[in-house]
>>> print(open('data.cif').read())   # mmCIF, C-alpha atoms and all ligand atoms
data_structure
loop_
_atom_site.group_PDB
_atom_site.id
_atom_site.type_symbol
_atom_site.label_atom_id
_atom_site.label_comp_id
_atom_site.auth_asym_id
_atom_site.auth_seq_id
_atom_site.Cartn_x
_atom_site.Cartn_y
_atom_site.Cartn_z
ATOM 1 C CA MET A 1 76.900 82.500 160.563
ATOM 2 C CA GLY A 2 78.205 79.369 158.877
ATOM 3 C CA CYS A 3 80.186 76.513 160.272
ATOM 4 C CA ASP A 4 83.462 75.767 158.501
ATOM 5 C CA ALA A 5 84.058 72.657 160.591
ATOM 6 C CA MET A 6 81.092 70.780 159.189
ATOM 7 C CA GLU A 7 81.995 68.532 156.264
ATOM 8 C CA ILE A 8 78.592 67.203 155.258
ATOM 9 C CA ARG A 9 78.818 65.337 151.939
ATOM 10 C CA GLY A 10 75.069 65.047 151.470
ATOM 11 C CA ILE A 11 72.064 63.049 152.618
ATOM 12 C CA GLY A 12 73.549 59.596 153.064
ATOM 13 C CA TYR A 13 70.287 57.972 154.052
ATOM 14 C CA LEU A 14 66.737 58.931 154.928
ATOM 15 C CA GLY A 15 63.908 57.343 156.892
ATOM 16 C CA LEU A 16 60.195 57.818 156.206
ATOM 17 C CA ASN A 17 57.287 56.982 158.468
ATOM 18 C CA GLU A 18 54.446 55.242 156.665
ATOM 19 C CA THR A 19 51.219 53.703 157.917
ATOM 20 C CA ASP A 20 50.933 50.773 155.457
ATOM 21 C CA LEU A 21 54.136 48.970 154.536
ATOM 22 C CA GLY A 22 52.186 46.474 152.428
ATOM 23 C CA ALA A 23 51.258 49.268 150.023
ATOM 24 C CA TRP A 24 54.903 50.350 149.837
ATOM 25 C CA ARG A 25 56.025 47.125 148.200
ATOM 26 C CA ALA A 26 54.484 47.954 144.830
ATOM 27 C CA PHE A 27 55.073 51.703 145.287
ATOM 28 C CA GLY A 28 58.782 51.392 146.064
ATOM 29 C CA GLU A 29 59.690 48.704 143.567
ATOM 30 C CA ASP A 30 57.259 48.923 140.675
ATOM 31 C CA LEU A 31 56.556 52.661 140.652
ATOM 32 C CA LEU A 32 59.781 54.297 141.900
ATOM 33 C CA GLY A 33 62.064 51.490 140.749
ATOM 34 C CA LEU A 34 63.895 51.124 144.066
ATOM 35 C CA MET A 35 65.628 47.828 144.886
ATOM 36 C CA SER A 36 64.277 46.076 147.972
ATOM 37 C CA VAL A 37 66.626 44.689 150.576
ATOM 38 C CA SER A 38 65.322 41.309 151.733
ATOM 39 C CA ALA A 39 64.248 40.883 155.346
ATOM 40 C CA GLU A 40 66.967 38.269 155.654
ATOM 41 C CA GLU A 41 69.610 40.807 154.593
ATOM 42 C CA SER A 42 68.185 43.716 156.562
ATOM 43 C CA GLY A 43 67.521 41.673 159.669
ATOM 44 C CA ARG A 44 64.222 43.538 160.120
ATOM 45 C CA PRO A 45 60.670 42.179 159.959
ATOM 46 C CA GLU A 46 58.998 43.359 156.744
ATOM 47 C CA ASP A 47 55.942 44.597 158.617
ATOM 48 C CA GLU A 48 58.143 46.981 160.644
ATOM 49 C CA CYS A 49 60.768 48.338 158.274
ATOM 50 C CA LEU A 50 61.567 48.164 154.564
ATOM 51 C CA LEU A 51 65.007 49.091 153.254
ATOM 52 C CA TYR A 52 65.688 50.166 149.688
ATOM 53 C CA ARG A 53 68.845 50.477 147.612
ATOM 54 C CA ILE A 54 69.357 53.053 144.877
ATOM 55 C CA ASP A 55 73.083 52.557 144.327
ATOM 56 C CA GLY A 56 76.045 50.618 145.715
ATOM 57 C CA ARG A 57 75.109 51.271 149.318
ATOM 58 C CA ASN A 58 73.440 48.601 151.455
ATOM 59 C CA TRP A 59 70.466 50.937 151.708
ATOM 60 C CA ARG A 60 69.579 54.597 151.226
ATOM 61 C CA LEU A 61 65.886 54.772 152.057
ATOM 62 C CA ALA A 62 64.191 53.171 155.066
ATOM 63 C CA VAL A 63 60.415 53.028 155.381
ATOM 64 C CA HIS A 64 59.221 52.512 158.943
ATOM 65 C CA ARG A 65 55.735 51.496 160.043
ATOM 66 C CA ALA A 66 54.221 54.281 162.145
ATOM 67 C CA ASP A 67 50.838 55.621 163.182
ATOM 68 C CA THR A 68 51.296 58.856 161.247
ATOM 69 C CA PRO A 69 53.229 59.600 158.060
ATOM 70 C CA GLY A 70 56.192 61.934 157.953
ATOM 71 C CA LEU A 71 59.937 62.127 158.082
ATOM 72 C CA ALA A 72 61.578 59.690 160.503
ATOM 73 C CA TYR A 73 65.144 61.034 160.125
ATOM 74 C CA VAL A 74 67.675 62.522 157.714
ATOM 75 C CA GLY A 75 71.132 60.931 157.776
ATOM 76 C CA TRP A 76 73.853 63.458 156.936
ATOM 77 C CA GLU A 77 77.082 61.841 155.785
ATOM 78 C CA LEU A 78 80.502 62.924 156.997
ATOM 79 C CA PRO A 79 83.725 61.597 155.458
ATOM 80 C CA HIS A 80 85.362 60.072 158.519
ATOM 81 C CA ARG A 81 85.340 59.770 162.284
ATOM 82 C CA ALA A 82 87.449 62.900 162.921
ATOM 83 C CA ALA A 83 84.950 64.996 160.971
ATOM 84 C CA LEU A 84 82.114 63.480 162.979
ATOM 85 C CA ALA A 85 83.943 64.302 166.214
ATOM 86 C CA GLU A 86 84.339 67.915 165.089
ATOM 87 C CA ALA A 87 80.680 68.008 164.168
ATOM 88 C CA LYS A 88 79.749 66.694 167.595
ATOM 89 C CA ASP A 89 81.806 69.433 169.288
ATOM 90 C CA HIS A 90 80.099 71.993 167.085
ATOM 91 C CA LEU A 91 76.584 70.752 167.864
ATOM 92 C CA VAL A 92 77.340 70.809 171.574
ATOM 93 C CA SER A 93 78.729 74.349 171.234
ATOM 94 C CA CYS A 94 75.431 75.293 169.566
ATOM 95 C CA GLY A 95 73.702 74.216 172.765
ATOM 96 C CA LEU A 96 71.927 71.237 171.196
ATOM 97 C CA ASP A 97 70.909 68.199 173.218
ATOM 98 C CA LEU A 98 72.160 65.062 171.497
ATOM 99 C CA ASP A 99 69.661 62.232 171.315
ATOM 100 C CA THR A 100 71.208 58.837 172.108
ATOM 101 C CA SER A 101 68.073 56.793 171.438
ATOM 102 C CA VAL A 102 69.458 55.510 168.129
ATOM 103 C CA SER A 103 72.767 53.654 167.764
ATOM 104 C CA ALA A 104 75.195 53.367 164.862
ATOM 105 C CA GLU A 105 74.305 49.680 164.723
ATOM 106 C CA ASP A 106 70.653 50.568 164.150
ATOM 107 C CA ARG A 107 71.690 52.182 160.846
ATOM 108 C CA GLY A 108 74.615 49.921 159.967
ATOM 109 C CA VAL A 109 77.137 52.787 160.051
ATOM 110 C CA SER A 110 80.424 53.244 161.926
ATOM 111 C CA ASP A 111 79.275 56.017 164.204
ATOM 112 C CA LEU A 112 76.477 58.548 164.479
ATOM 113 C CA ILE A 113 75.175 61.431 166.510
ATOM 114 C CA ARG A 114 71.591 62.620 166.472
ATOM 115 C CA PHE A 115 69.581 65.682 167.403
ATOM 116 C CA VAL A 116 66.098 67.010 166.802
ATOM 117 C CA ASP A 117 65.723 70.483 165.288
ATOM 118 C CA PRO A 118 63.207 73.111 166.475
ATOM 119 C CA TYR A 119 60.769 71.973 163.789
ATOM 120 C CA GLY A 120 60.712 68.387 165.067
ATOM 121 C CA HIS A 121 62.928 66.859 162.365
ATOM 122 C CA ALA A 122 65.498 64.277 163.524
ATOM 123 C CA HIS A 123 68.970 64.728 162.038
ATOM 124 C CA GLU A 124 71.600 62.001 162.229
ATOM 125 C CA LEU A 125 75.189 62.847 161.365
ATOM 126 C CA PHE A 126 77.142 59.710 160.572
ATOM 127 C CA CYS A 127 80.332 58.285 159.132
ATOM 128 C CA GLY A 128 81.022 54.826 157.760
ATOM 129 C CA ALA A 129 78.849 54.259 154.711
ATOM 130 C CA PRO A 130 77.120 50.862 154.705
ATOM 131 C CA THR A 131 78.373 49.584 151.348
ATOM 132 C CA ASN A 132 77.420 46.514 149.302
ATOM 133 C CA LEU A 133 80.371 45.229 147.273
ATOM 134 C CA ASP A 134 78.713 41.927 146.450
ATOM 135 C CA ALA A 135 75.635 42.876 144.436
ATOM 136 C CA PRO A 136 75.201 45.857 142.095
ATOM 137 C CA PHE A 137 72.093 48.040 142.142
ATOM 138 C CA VAL A 138 69.511 46.731 139.702
ATOM 139 C CA SER A 139 66.186 48.568 139.483
ATOM 140 C CA PRO A 140 63.139 46.288 139.360
ATOM 141 C CA ALA A 141 61.419 48.915 137.163
ATOM 142 C CA GLY A 142 64.345 49.434 134.805
ATOM 143 C CA VAL A 143 65.576 52.796 136.179
ATOM 144 C CA SER A 144 69.074 53.184 134.725
ATOM 145 C CA GLY A 145 70.455 54.636 137.947
ATOM 146 C CA PHE A 146 70.238 57.321 140.626
ATOM 147 C CA GLU A 147 72.652 60.245 141.064
ATOM 148 C CA THR A 148 74.135 59.972 144.551
ATOM 149 C CA ASP A 149 77.584 61.614 144.364
ATOM 150 C CA ASN A 150 76.278 64.427 146.589
ATOM 151 C CA GLY A 151 73.943 62.251 148.596
ATOM 152 C CA LEU A 152 70.592 60.762 147.728
ATOM 153 C CA GLY A 153 68.894 64.072 146.946
ATOM 154 C CA HIS A 154 67.169 66.778 148.941
ATOM 155 C CA VAL A 155 64.387 67.405 151.428
ATOM 156 C CA LEU A 156 61.895 70.254 151.661
ATOM 157 C CA PHE A 157 60.685 71.489 155.016
ATOM 158 C CA ALA A 158 57.683 73.791 155.411
ATOM 159 C CA VAL A 159 58.411 76.135 158.322
ATOM 160 C CA PRO A 160 56.753 79.140 159.949
ATOM 161 C CA ASN A 161 59.584 81.531 159.034
ATOM 162 C CA ALA A 162 62.029 80.686 156.221
ATOM 163 C CA ASN A 163 64.560 83.380 157.147
ATOM 164 C CA GLU A 164 64.855 82.002 160.690
ATOM 165 C CA ALA A 165 65.166 78.433 159.388
ATOM 166 C CA GLU A 166 67.888 79.582 156.959
ATOM 167 C CA ASP A 167 69.857 81.027 159.881
ATOM 168 C CA TYR A 168 69.357 77.837 161.886
ATOM 169 C CA TYR A 169 70.560 75.384 159.215
ATOM 170 C CA ALA A 170 73.493 77.661 158.354
ATOM 171 C CA ARG A 171 74.561 77.893 161.982
ATOM 172 C CA VAL A 172 73.935 74.294 163.047
ATOM 173 C CA LEU A 173 74.613 72.245 159.885
ATOM 174 C CA GLY A 174 76.887 74.697 158.071
ATOM 175 C CA MET A 175 74.530 74.855 155.091
ATOM 176 C CA LYS A 176 75.288 77.519 152.484
ATOM 177 C CA THR A 177 72.509 79.371 150.716
ATOM 178 C CA THR A 178 72.294 78.838 146.957
ATOM 179 C CA ASP A 179 69.092 80.707 146.062
ATOM 180 C CA ARG A 180 66.569 82.800 147.974
ATOM 181 C CA MET A 181 63.219 82.788 146.154
ATOM 182 C CA ASP A 182 60.758 85.615 146.832
ATOM 183 C CA MET A 183 57.289 84.070 146.768
ATOM 184 C CA GLY A 184 55.443 87.340 147.420
ATOM 185 C CA ASN A 185 53.910 88.718 150.621
ATOM 186 C CA GLY A 186 57.263 88.369 152.395
ATOM 187 C CA LYS A 187 57.246 84.588 151.923
ATOM 188 C CA ARG A 188 60.353 82.784 150.727
ATOM 189 C CA THR A 189 61.655 79.450 149.582
ATOM 190 C CA ILE A 190 65.346 79.134 150.407
ATOM 191 C CA PHE A 191 67.670 76.542 148.863
ATOM 192 C CA MET A 192 70.740 75.406 150.830
ATOM 193 C CA ARG A 193 73.646 73.043 150.193
ATOM 194 C CA SER A 194 76.851 71.802 151.772
ATOM 195 C CA ARG A 195 78.492 70.697 148.520
ATOM 196 C CA GLU A 196 77.877 70.794 144.765
ATOM 197 C CA ARG A 197 74.231 69.682 144.714
ATOM 198 C CA HIS A 198 72.147 72.859 144.158
ATOM 199 C CA HIS A 199 70.228 72.170 147.351
ATOM 200 C CA MET A 200 70.098 69.467 149.985
ATOM 201 C CA ILE A 201 67.571 71.329 152.133
ATOM 202 C CA ALA A 202 64.883 73.620 150.802
ATOM 203 C CA ILE A 203 62.824 75.555 153.330
ATOM 204 C CA THR A 204 59.655 77.464 152.639
ATOM 205 C CA ASP A 205 57.125 79.465 154.621
ATOM 206 C CA VAL A 206 54.630 79.643 151.774
ATOM 207 C CA LEU A 207 52.786 76.390 152.560
ATOM 208 C CA PRO A 208 49.879 76.426 155.029
ATOM 209 C CA GLU A 209 50.888 73.214 156.844
ATOM 210 C CA HIS A 210 54.303 73.033 158.479
ATOM 211 C CA GLY A 211 56.512 69.954 158.553
ATOM 212 C CA PHE A 212 58.141 67.569 156.098
ATOM 213 C CA GLY A 213 57.308 68.433 152.510
ATOM 214 C CA HIS A 214 59.084 65.971 150.246
ATOM 215 C CA VAL A 215 62.243 64.029 149.502
ATOM 216 C CA MET A 216 63.744 64.217 146.015
ATOM 217 C CA LEU A 217 65.534 61.334 144.338
ATOM 218 C CA GLU A 218 67.495 62.109 141.150
ATOM 219 C CA THR A 219 67.647 59.669 138.269
ATOM 220 C CA SER A 220 70.535 59.342 135.811
ATOM 221 C CA LYS A 221 68.550 59.862 132.607
ATOM 222 C CA ILE A 222 65.512 61.897 131.595
ATOM 223 C CA GLU A 223 64.024 58.662 130.245
ATOM 224 C CA ASP A 224 63.922 57.389 133.836
ATOM 225 C CA VAL A 225 61.723 60.331 134.903
ATOM 226 C CA GLY A 226 59.575 60.082 131.770
ATOM 227 C CA ARG A 227 58.952 56.379 132.158
ATOM 228 C CA ALA A 228 58.203 56.796 135.871
ATOM 229 C CA TRP A 229 55.702 59.527 134.907
ATOM 230 C CA ASP A 230 54.061 56.997 132.560
ATOM 231 C CA ARG A 231 53.877 54.507 135.451
ATOM 232 C CA VAL A 232 52.318 57.168 137.708
ATOM 233 C CA GLN A 233 49.630 57.832 135.086
ATOM 234 C CA ALA A 234 48.930 54.136 134.648
ATOM 235 C CA ALA A 235 48.721 53.498 138.397
ATOM 236 C CA GLY A 236 46.612 56.568 139.157
ATOM 237 C CA THR A 237 49.069 57.656 141.853
ATOM 238 C CA PRO A 238 48.061 60.928 143.612
ATOM 239 C CA ILE A 239 50.074 63.816 142.119
ATOM 240 C CA PHE A 240 51.261 66.885 144.079
ATOM 241 C CA MET A 241 52.728 68.571 141.020
ATOM 242 C CA SER A 242 52.786 67.446 137.427
ATOM 243 C CA LEU A 243 55.870 66.913 135.294
ATOM 244 C CA GLY A 244 57.680 70.213 134.880
ATOM 245 C CA GLN A 245 60.965 72.087 135.160
ATOM 246 C CA HIS A 246 62.003 74.579 137.814
ATOM 247 C CA ALA A 247 63.831 77.664 136.539
ATOM 248 C CA ASN A 248 66.473 77.791 139.252
ATOM 249 C CA ASP A 249 67.664 74.129 139.611
ATOM 250 C CA PRO A 250 66.679 73.673 136.718
ATOM 251 C CA MET A 251 65.466 70.154 137.463
ATOM 252 C CA VAL A 252 62.927 68.225 135.381
ATOM 253 C CA SER A 253 60.687 66.474 137.900
ATOM 254 C CA PHE A 254 57.276 65.520 139.180
ATOM 255 C CA TYR A 255 55.862 65.209 142.711
ATOM 256 C CA ILE A 256 53.659 62.389 143.948
ATOM 257 C CA GLU A 257 52.231 61.113 147.213
ATOM 258 C CA SER A 258 53.484 57.955 148.871
ATOM 259 C CA PRO A 259 50.798 55.509 150.089
ATOM 260 C CA ALA A 260 50.581 57.409 153.405
ATOM 261 C CA GLY A 261 50.811 60.847 151.811
ATOM 262 C CA ASN A 262 54.522 61.676 152.106
ATOM 263 C CA GLY A 263 55.821 63.821 149.257
ATOM 264 C CA ILE A 264 58.208 62.192 146.784
ATOM 265 C CA GLU A 265 59.865 64.140 143.959
ATOM 266 C CA LEU A 266 61.532 62.226 141.156
ATOM 267 C CA GLY A 267 63.853 64.438 139.156
ATOM 268 C CA TRP A 268 66.651 64.608 136.611
ATOM 269 C CA ALA A 269 69.567 66.947 135.898
ATOM 270 C CA GLY A 270 69.721 69.095 139.001
ATOM 271 C CA MET A 271 72.329 71.856 138.881
ATOM 272 C CA LEU A 272 75.780 71.367 140.378
ATOM 273 C CA ILE A 273 77.298 74.431 142.027
ATOM 274 C CA ASP A 274 80.860 75.646 141.427
ATOM 275 C CA GLU A 275 81.874 76.766 144.910
ATOM 276 C CA ASP A 276 84.572 79.115 143.567
ATOM 277 C CA SER A 277 82.265 81.142 141.370
ATOM 278 C CA TRP A 278 78.757 80.839 142.865
ATOM 279 C CA VAL A 279 77.117 83.817 144.501
ATOM 280 C CA VAL A 280 73.787 83.698 146.322
ATOM 281 C CA ARG A 281 70.920 84.627 144.025
ATOM 282 C CA GLU A 282 67.687 86.442 144.851
ATOM 283 C CA VAL A 283 65.119 85.063 142.427
ATOM 284 C CA GLY A 284 61.402 85.114 141.836
ATOM 285 C CA PRO A 285 59.174 82.044 141.625
ATOM 286 C CA ASN A 286 59.517 80.627 138.171
ATOM 287 C CA GLU A 287 58.716 77.415 136.353
ATOM 288 C CA LEU A 288 60.049 76.896 132.836
ATOM 289 C CA TRP A 289 57.088 74.619 132.113
ATOM 290 C CA GLY A 290 54.658 72.306 133.894
ATOM 291 C CA HIS A 291 54.663 71.666 137.658
ATOM 292 C CA ARG A 292 50.941 72.262 137.929
ATOM 293 C CA GLY A 293 48.607 70.817 140.524
ATOM 294 C CA ALA A 294 47.356 71.062 144.077
ATOM 295 C CA GLN A 295 50.663 71.990 145.694
ATOM 296 C CA MET A 296 51.453 74.693 143.152
ATOM 297 C CA ASP A 297 47.974 76.119 143.784
ATOM 298 C CA GLU A 298 48.803 76.241 147.520
ATOM 299 C CA ILE A 299 52.161 77.871 146.827
ATOM 300 C CA GLU A 300 50.608 80.524 144.632
ATOM 301 C CA ALA A 301 47.840 81.192 147.168
ATOM 302 C CA GLY A 302 50.348 81.396 150.038
ATOM 303 C CA GLY A 303 52.578 83.838 148.184
ATOM 304 C CA GLY A 304 49.655 85.972 147.163
ATOM 305 C CA ARG A 305 50.521 85.743 143.489
ATOM 306 C CA SER A 306 47.829 85.874 140.862
HETATM 307 FE FE FE A 401 62.287 69.449 145.566
#
>>> encode(input="data.cif", output="structure tokens", more="lines below")
Ligand SMILES: [Fe+2]
Amino acid sequence: MGCDAMEIRGIGYLGLNETDLGAWRAFGEDLLGLMSVSAEESGRPEDECLLYRIDGRNWRLAVHRADTPGLAYVGWELPHRAALAEAKDHLVSCGLDLDTSVSAEDRGVSDLIRFVDPYGHAHELFCGAPTNLDAPFVSPAGVSGFETDNGLGHVLFAVPNANEAEDYYARVLGMKTTDRMDMGNGKRTIFMRSRERHHMIAITDVLPEHGFGHVMLETSKIEDVGRAWDRVQAAGTPIFMSLGQHANDPMVSFYIESPAGNGIELGWAGMLIDEDSWVVREVGPNELWGHRGAQMDEIEAGGGRS
């Protein structure tokens, strides 16, 4: 059951938990090409929180110091305060307990509401985009730009049961299913969106460990992904999956580990969905080329494919 009232535009911001912020400086700037926000601008000590820009927003990615790596929060963007009020009514009607431990001021937005899903992921719905009109985004690694019209990208969650998670995110966040991928042995990866971006949440029950899988950032040009892949090779960064192209997105991307082991996908040319003509697809697992490595081995083992 979907939720017509929810007007999520995409992932407006995202927070990661990392154990070593010192290691993130080179990773975020030199490897990924993200633009650091100075401690003076962010108002946060650099040994507690790093903020990064990828476009005209004040920040899109926050990296928090924590004892264990993982997802700190996903910030879902709504267009205005009335939409956020409707969303709040909806979440309450779903029986969710709202978490008031974080304020709008903490994120630099106009207003926010927050809840934690059954899998332990914190979701923040907000309005009032923190926008920087004074300084344009300039990548320290020469990335030409990031595609953020439908939010900063997507997240993947590994869950015990993908069909149940699909129902949950449809009911609570109003996510619409784009593709349902049969991984074998009854396992699925399910791709969901609220607007044109092919997926904003992917959920899978094919991975042995449950929790946050990765966040994907989308560059403007294929050269940006290719050059970042060169930087990954040169730096010896741990790779989850090599450069490749999914058949369904059909995004060209690679997957690496952050300093604390969080998954980061850097991709290009993800599909945009035409809401008027799209129908949900049932597809099989398929890579056009590449995407080899430890995580693909786990996926293939979990799905029971040869
Ligand atoms: Fe992904």
>>> closest_residue(input="data.cif", among="A:His246, A:Arg171, A:Arg180, A:His210", to="ligand FE 401 (chain A)", atoms="all atoms listed in the file")
A:His246
>>> resolve_selection(input="data.cif", expression="the PyMOL selection byres (((chain A and resi 129) around 9) and not hetatm)", output="ChimeraX atom specification")
/A:12,57-58,77,79,108-110,126-128,130-131
>>> write_last_selection(input="data.cif", atoms="C-alpha atoms", output="JSON list (two decimals), in the coordinates of the input")
[["chain", "number", "residue", "atom", "x", "y", "z"],
["A", 12, "GLY", "CA", 73.55, 59.60, 153.06],
["A", 57, "ARG", "CA", 75.11, 51.27, 149.32],
["A", 58, "ASN", "CA", 73.44, 48.60, 151.46],
["A", 77, "GLU", "CA", 77.08, 61.84, 155.78],
["A", 79, "PRO", "CA", 83.72, 61.60, 155.46],
["A", 108, "GLY", "CA", 74.61, 49.92, 159.97],
["A", 109, "VAL", "CA", 77.14, 52.79, 160.05],
["A", 110, "SER", "CA", 80.42, 53.24, 161.93],
["A", 126, "PHE", "CA", 77.14, 59.71, 160.57],
["A", 127, "CYS", "CA", 80.33, 58.28, 159.13],
["A", 128, "GLY", "CA", 81.02, 54.83, 157.76],
["A", 130, "PRO", "CA", 77.12, 50.86, 154.71],
["A", 131, "THR", "CA", 78.37, 49.58, 151.35]]
>>> residues_around(input="data.cif", residues="Ala260 of chain A", least_positions_apart="2", cutoff="10 Å", atoms="all atoms listed in the file", output="MDAnalysis selection string")
chainID A and resid 17:21 23:24 66:70 257:258 262:263
>>> resolve_selection(input="data.cif", expression="the PyMOL selection byres (((chain A and resi 9) around 7) and not hetatm)", output="ChimeraX atom specification")
/A:7-8,10,77-78,150-151,194-195
>>> resolve_selection(input="data.cif", expression="the PyMOL selection byres (((chain A and resi 178) around 12) and not hetatm)", output="compact mmCIF listing (two decimals) with C-alpha atoms, keeping the file's coordinate frame")
# COMPACT_ATOMS: atom_id res chain seq x y z
CA GLU A 166 67.89 79.58 156.96
CA ALA A 170 73.49 77.66 158.35
CA MET A 175 74.53 74.86 155.09
CA LYS A 176 75.29 77.52 152.48
CA THR A 177 72.51 79.37 150.72
CA ASP A 179 69.09 80.71 146.06
CA ARG A 180 66.57 82.80 147.97
CA MET A 181 63.22 82.79 146.15
CA THR A 189 61.66 79.45 149.58
CA ILE A 190 65.35 79.13 150.41
CA PHE A 191 67.67 76.54 148.86
CA MET A 192 70.74 75.41 150.83
CA ARG A 193 73.65 73.04 150.19
CA SER A 194 76.85 71.80 151.77
CA ARG A 195 78.49 70.70 148.52
CA GLU A 196 77.88 70.79 144.76
CA ARG A 197 74.23 69.68 144.71
CA HIS A 198 72.15 72.86 144.16
CA HIS A 199 70.23 72.17 147.35
CA MET A 200 70.10 69.47 149.99
CA ILE A 201 67.57 71.33 152.13
CA ALA A 202 64.88 73.62 150.80
CA ILE A 203 62.82 75.56 153.33
CA ASN A 248 66.47 77.79 139.25
CA ASP A 249 67.66 74.13 139.61
CA MET A 271 72.33 71.86 138.88
CA LEU A 272 75.78 71.37 140.38
CA ILE A 273 77.30 74.43 142.03
CA ASP A 274 80.86 75.65 141.43
CA GLU A 275 81.87 76.77 144.91
CA SER A 277 82.26 81.14 141.37
CA TRP A 278 78.76 80.84 142.86
CA VAL A 279 77.12 83.82 144.50
CA VAL A 280 73.79 83.70 146.32
CA ARG A 281 70.92 84.63 144.02
CA GLU A 282 67.69 86.44 144.85
CA VAL A 283 65.12 85.06 142.43
>>> residues_near_ligand(input="data.cif", ligand="ligand FE 401 (chain A)", cutoff="7 Å", atoms="only C-alpha atoms and all ligand atoms", output="VMD selection string")
chain A and resid 154 to 156 214 to 216 265
>>> residues_around(input="data.cif", residues="segment 87-104 of chain A", least_positions_apart="3", cutoff="7 Å", atoms="all atoms listed in the file", output="count of residues only")
14
>>> closest_residue(input="data.cif", among="A:Glu86, A:Asp230, A:Asp205, A:Asp55", to="Thr148 of chain A", atoms="all atoms listed in the file")
A:Asp55
>>> closest_residue(input="data.cif", among="A:Tyr73, A:Tyr119, A:Arg81, A:Phe27", to="Pro259 of chain A", atoms="all atoms listed in the file")
A:Phe27
>>> closest_residue(input="data.cif", among="A:Leu34, A:Ala234, A:Leu152, A:Ala85", to="Leu50 of chain A", atoms="all atoms listed in the file")
A:Leu34
>>> atom_distance(input="data.cif", atom1="atom CA of Asp47 of chain A", atom2="atom CA of Ala62 of chain A")
12.4 Å
>>> closest_residue(input="data.cif", among="A:Glu105, A:Glu124, A:Asp149, A:Glu218", to="Ser253 of chain A", atoms="all atoms listed in the file")
A:Glu218
>>> atom_distance(input="data.cif", atom1="atom CA of Lys187 of chain A", atom2="atom CA of Asp276 of chain A")
29.1 Å
>>> decode(input="data.cif", residues="segment 140-186 of chain A", atoms="C-alpha atoms", output="CSV table (one decimal), in the first residue's frame")
chain,number,residue,atom,x,y,z
A,140,PRO,CA,39.4,19.3,-5.1
A,141,ALA,CA,40.0,16.2,-7.4
A,142,GLY,CA,38.6,17.8,-10.5
A,143,VAL,CA,35.2,15.9,-10.6
A,144,SER,CA,33.1,17.9,-13.1
A,145,GLY,CA,30.0,17.6,-11.0
A,146,PHE,CA,27.5,15.4,-9.2
A,147,GLU,CA,23.9,14.7,-10.3
A,148,THR,CA,21.6,15.8,-7.5
A,149,ASP,CA,18.3,16.8,-9.2
A,150,ASN,CA,16.6,13.7,-7.5
A,151,GLY,CA,18.7,13.8,-4.4
A,152,LEU,CA,22.3,12.8,-3.8
A,153,GLY,CA,21.9,9.2,-4.9
A,154,HIS,CA,20.7,6.0,-3.3
A,155,VAL,CA,21.3,3.7,-0.4
A,156,LEU,CA,21.3,-0.1,-0.2
A,157,PHE,CA,20.1,-1.9,2.9
A,158,ALA,CA,20.7,-5.6,3.5
A,159,VAL,CA,17.6,-7.0,5.3
A,160,PRO,CA,16.4,-10.4,6.4
A,161,ASN,CA,13.4,-10.4,4.1
A,162,ALA,CA,13.3,-8.1,1.0
A,163,ASN,CA,9.6,-8.5,0.4
A,164,GLU,CA,8.7,-7.4,3.9
A,165,ALA,CA,11.1,-4.4,3.6
A,166,GLU,CA,9.5,-3.5,0.2
A,167,ASP,CA,6.1,-3.4,1.9
A,168,TYR,CA,7.5,-1.3,4.8
A,169,TYR,CA,9.1,1.4,2.7
A,170,ALA,CA,6.1,1.6,0.4
A,171,ARG,CA,3.7,2.0,3.3
A,172,VAL,CA,5.8,4.3,5.4
A,173,LEU,CA,7.8,6.4,2.9
A,174,GLY,CA,5.6,6.0,-0.1
A,175,MET,CA,8.3,4.4,-2.2
A,176,LYS,CA,7.3,2.9,-5.5
A,177,THR,CA,8.9,-0.2,-6.8
A,178,THR,CA,10.9,0.1,-10.0
A,179,ASP,CA,12.5,-3.4,-10.4
A,180,ARG,CA,12.2,-6.6,-8.5
A,181,MET,CA,15.4,-8.7,-9.1
A,182,ASP,CA,15.2,-12.5,-8.5
A,183,MET,CA,18.5,-13.5,-7.1
A,184,GLY,CA,17.7,-17.2,-6.9
A,185,ASN,CA,16.6,-19.3,-3.9
A,186,GLY,CA,13.8,-17.0,-3.2
